[in-house]
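K.L.:
Before we start, here is the structure in question, set down as structure tokens.
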Amino acid sequence: MTEDWNELIRERIRKADEIRRNGGTPYPNDRKVGWTTEMARRAAGDKSPEELSREEIRVDIAGRIVASRNFGKAAFVVLADRTGRLQAYIRKDKVGDREYDLFLKTTDVGDIVWVEGPLFITRTGELTVQADRYRLLTKAIRPLPEKWHGLVDVETRYRQRYVDLIVNEKVKEVFRRRARIIAWIRSFLTERDFLEVETPMMQPVAGGAAAKPFVTRHNALGMDLFLRIAPELYLKRLLVGGFERVFEINRNFRNEGISTQHNPEFTMLEFYQAYATHEDLMKLTEEMLSGLALTLFGTTVVTVQGETIDFAPPWERITVAGAVARYGGVPEERLSDPEFLRKTAEGLGLPVKGDAAPGRLLVDIFEEVAERRIEGPAFVTEYPVEVSPLSRRNDARPGIADRFELIVLGREIANAFSELNDPLDQRRRFEEQLRLRERGDEEAHYMDEDFLRALEHGMPPAAGEGIGIDRLVMLFTDSPSIRDVILFPQLRKEG
């Protein structure tokens with residue numbers, strides 16, 4: 001902080017003290033607010049200046065001063081509230097000499113104020129409140145930045161999101177749209193008889209995804225707990241218990257790196273439907289996201305980072321092997337040959353362990369040469385069982401899982417599969433995951449004996465899906481980074 005900035009703060013503190021010396025407080029809480037700026041604009045409608053003058057529509061609004069112009073015996077201030085902005089006109093002969101002089105001495109851009117008076121239209125055509133009464137509600141001690149270069153100072157925007165929201169209306173709109181997206185999805189599922197539930201954030205066994213968990217300690221129980229990497233295994237327990245359609249929108253935590261696509265704390269939608277297959281969820285996903293696009297934009301065509309994506313169904317379907325063949329120039333018929341897969345992976349510079357399963361190699365190659373080139377929306381299908389430890393095997397081809405991932409602009413948006421409900425097969429898969437963990441794979445699943453016990457009671461045939469809410473919001477707000485759609489993303493410590 002520069003000396004100039006320190007002096008600005010000291011000056012504002014002096015102004016707060018001036019208010020106290022005049023018998024007031026810079027932080028009162030004695031005003032009820034009856035109007036928003038949007039309500040005032042609606043009330044004014046398209047009335048002429050003469051009509052507004054005759055009707056004398058009186059309003060009282062509160063907001064932050066984001067602009068101010070002083071003309072001696074009168075001043076214009078622009079107030080911003082949750083619904084927009086509106087100008088107020090403060091005249092000495094209206095509010096009184098003492099109040100007006102105190103206003104000039106003690107009020108700055110960034111302060112939060114309340115005004116009351118009739119609406120009128122200025123000679124320049126600006127809807128304005130003629131302030132008969134004025135009240136400072138909050139004295140801002142720290143000034144707003146005069147220039148806020150979002151792209152240049154992007155980390156400061158994330159770190160001081162409160163300032164970003166004050167000065168950048170586009171940022172506010174991103175998070176308003178995020179709220180609308182989540183509300184719409186919640187309504188979409190509840191209308192289809194899905195029950196919204198909440199499952200534990202702290203779990204004795206981390207499961208439901210291939211990820212490294214965060215570990216915490218519960219002192220009273222004397223045990224380690226994991227911040228959940230996924231709610232999947234608890235939602236499946238609810239299928240066992242008779243809740244045949246369930247969903248949860250909540251946080252997951254994964255101890256991984258930070259990038260434009262990853263934040264260690266993120267929001268997921270997971271939903272499960274009994275007596276359904278992954279094919280049914282493809283149709284449901286098409287219906288959900290095309291309907292969401294129509295609701296937000298009035299069309300299924302969405303522009304994302306300069307690319308045009310059409311969410312109108314049906315969407316393309318392509319297998320993992322088919323995508324490798326298309327984008328990697330690899331003969332598809334050779335992708336079942338373990339030695340060919342190993343040599344291809346090595347040729348791409350991918351780390352290849354001596355005991356790497358062919359299915360793991362195929363997916364590694366897919367992620368390297370194909371995934372980021374799929375524009376989509378596209379369902380990528382036929383994932384190997386080796387990388388799908390919770391998925392149901394395909395009846396005709398037991399080496400592949402009844403699973404898909406939804407890819408849009410090279411990003412995984414959703415992951416879904418027909419659920420494995422054979423407890424003996426699930427135990428064998430967990431045991432294989434334990435062997436991988438013993439060989440150093442920190443993302444392999446743990447053994448969850450209670451989940452196996454639940455499966456032994458009988459889980460109905462079902463399908464389940466997870467959709468990354470943050471990545472979905474990125475698409476529908478045209479945001480380049482996941483940190484643009486998370487209010488307070490994780491960042492390194494300052495300094």
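Ordered as shown in the structure tokens, chains take letters A, B, and onward, while each chain numbers its residues from 1 and ligands are numbered from 1 in the order shown.
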Can you list, as JSON, numbers by chain, all residues belonging to segment 178-318 of chain A that DSSP tags as strand (DSSP E or B)?

P.N.:
{"A": [195, 196, 202, 203, 215, 216, 217, 218, 223, 224, 225, 226, 227, 245, 246, 247, 248, 249, 250, 251, 252, 253, 265, 266, 267, 268, 269, 270, 271, 272, 273, 274, 301, 302, 303, 304, 307, 308, 309, 310, 316, 317, 318]}

K.L.:
Write out as a list in words which residues come within 9 Å of segment 359-365 of chain A when counting only C-alpha atoms, dropping same-chain ones fewer than 3 positions away.

P.N.:
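Selected residues are Val320, Ala321, Val324, Gly328, Leu335, Ser336, Pro338, Leu341, Arg342, Thr344, Ala345, Leu348, Leu350, Val352, Ala356, Glu368, Val369, Ala370, Tyr383, Pro384, Val385, Glu386, Val387, Gly399 and Ile400 of chain A.
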
K.L.:
So which residues touch Phe340 of chain A within 12 Å, counting only C-alpha atoms, skipping near sequence neighbours fewer than 6 positions away, as a PyMOL selection string?

P.N.:
chain A and resi 330-334+346-347+358+361-362+365

K.L.:
Save the residues we just selected, C-alpha atoms, as a short mmCIF file (atom, residue, chain, number, x, y, z; two decimals), in the first residue's frame?

P.N.:
```
data_model
loop_
_atom_site.label_atom_id
_atom_site.label_comp_id
_atom_site.auth_asym_id
_atom_site.auth_seq_id
_atom_site.Cartn_x
_atom_site.Cartn_y
_atom_site.Cartn_z
CA VAL A 330 -4.58 -44.60 -34.98
CA PRO A 331 -6.22 -47.68 -36.56
CA GLU A 332 -9.16 -48.54 -34.32
CA GLU A 333 -8.77 -52.29 -34.81
CA ARG A 334 -5.31 -52.12 -33.21
CA GLU A 346 5.33 -44.29 -24.85
CA GLY A 347 5.54 -42.55 -28.22
CA PRO A 358 -4.61 -51.87 -21.45
CA LEU A 361 -3.47 -46.94 -21.46
CA LEU A 362 -6.33 -46.46 -23.93
CA ILE A 365 -4.08 -41.93 -25.01
#
```

K.L.:
Smallest atom-to-atom distance to Arg245 of chain A: which of A:Arg453, A:Lys283, A:Arg192, A:Arg133, using only C-alpha atoms?

P.N.:
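Distance minimum relative to Arg245 of chain A lands on A:Arg192.
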
K.L.:
Between A:Arg492, A:Ile13, A:Leu52, A:Ala210, which one has atoms that come closest to Ile258 of chain A, using only C-alpha atoms?

P.N.:
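Of A:Arg492, A:Ile13, A:Leu52, A:Ala210, the one nearest Ile258 of chain A is A:Arg492, counting only C-alpha atoms.
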
K.L.:
With distances taken over only C-alpha atoms, which of A:Ala274, A:Val113, A:Leu104, A:Ala44 is nearest to Lys32 of chain A?

P.N.:
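Going through A:Ala274, A:Val113, A:Leu104, A:Ala44 one by one, the smallest distance to Lys32 of chain A is for A:Val113.
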
K.L.:
Which residues are near Glu55 of chain A? Cut-off 12 Å, only C-alpha atoms, ignore same chain within fewer than 4 positions. Put them as a list in words.

P.N.:
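Near Glu55 of chain A, the qualifying residues are Ala43, Ala44, Lys47, Ser48, Pro49, Glu50, Glu51, Pro118, Leu119 and Phe120 of chain A.
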
K.L.:
For the residues in the current selection, export N, CA and C atoms as a PDB file, in the first residue's frame.

P.N.:
```pdb
ATOM      1  N   ALA A  43     -41.849   2.082 -11.895  1.00  0.00           N
ATOM      2  CA  ALA A  43     -42.908   3.032 -11.537  1.00  0.00           C
ATOM      3  C   ALA A  43     -42.900   4.233 -12.480  1.00  0.00           C
ATOM      4  N   ALA A  44     -41.721   4.660 -12.881  1.00  0.00           N
ATOM      5  CA  ALA A  44     -41.628   5.800 -13.803  1.00  0.00           C
ATOM      6  C   ALA A  44     -42.045   5.409 -15.210  1.00  0.00           C
ATOM      7  N   LYS A  47     -43.222   7.488 -18.616  1.00  0.00           N
ATOM      8  CA  LYS A  47     -43.919   8.750 -18.344  1.00  0.00           C
ATOM      9  C   LYS A  47     -43.055   9.940 -18.772  1.00  0.00           C
ATOM     10  N   SER A  48     -43.713  10.985 -19.211  1.00  0.00           N
ATOM     11  CA  SER A  48     -43.012  12.209 -19.598  1.00  0.00           C
ATOM     12  C   SER A  48     -42.611  12.971 -18.341  1.00  0.00           C
ATOM     13  N   PRO A  49     -41.689  13.926 -18.451  1.00  0.00           N
ATOM     14  CA  PRO A  49     -41.318  14.740 -17.291  1.00  0.00           C
ATOM     15  C   PRO A  49     -42.524  15.423 -16.652  1.00  0.00           C
ATOM     16  N   GLU A  50     -43.451  15.869 -17.484  1.00  0.00           N
ATOM     17  CA  GLU A  50     -44.636  16.552 -16.954  1.00  0.00           C
ATOM     18  C   GLU A  50     -45.517  15.579 -16.175  1.00  0.00           C
ATOM     19  N   GLU A  51     -45.688  14.375 -16.717  1.00  0.00           N
ATOM     20  CA  GLU A  51     -46.509  13.379 -16.017  1.00  0.00           C
ATOM     21  C   GLU A  51     -45.881  12.993 -14.683  1.00  0.00           C
ATOM     22  N   PRO A 118     -39.249  12.613  -4.507  1.00  0.00           N
ATOM     23  CA  PRO A 118     -39.989  12.303  -5.724  1.00  0.00           C
ATOM     24  C   PRO A 118     -39.049  12.034  -6.911  1.00  0.00           C
ATOM     25  N   LEU A 119     -39.566  11.252  -7.851  1.00  0.00           N
ATOM     26  CA  LEU A 119     -38.834  11.004  -9.092  1.00  0.00           C
ATOM     27  C   LEU A 119     -39.067  12.149 -10.071  1.00  0.00           C
ATOM     28  N   PHE A 120     -38.016  12.499 -10.816  1.00  0.00           N
ATOM     29  CA  PHE A 120     -38.179  13.459 -11.895  1.00  0.00           C
ATOM     30  C   PHE A 120     -37.174  13.128 -12.994  1.00  0.00           C
TER      31      PHE A 120
END
```
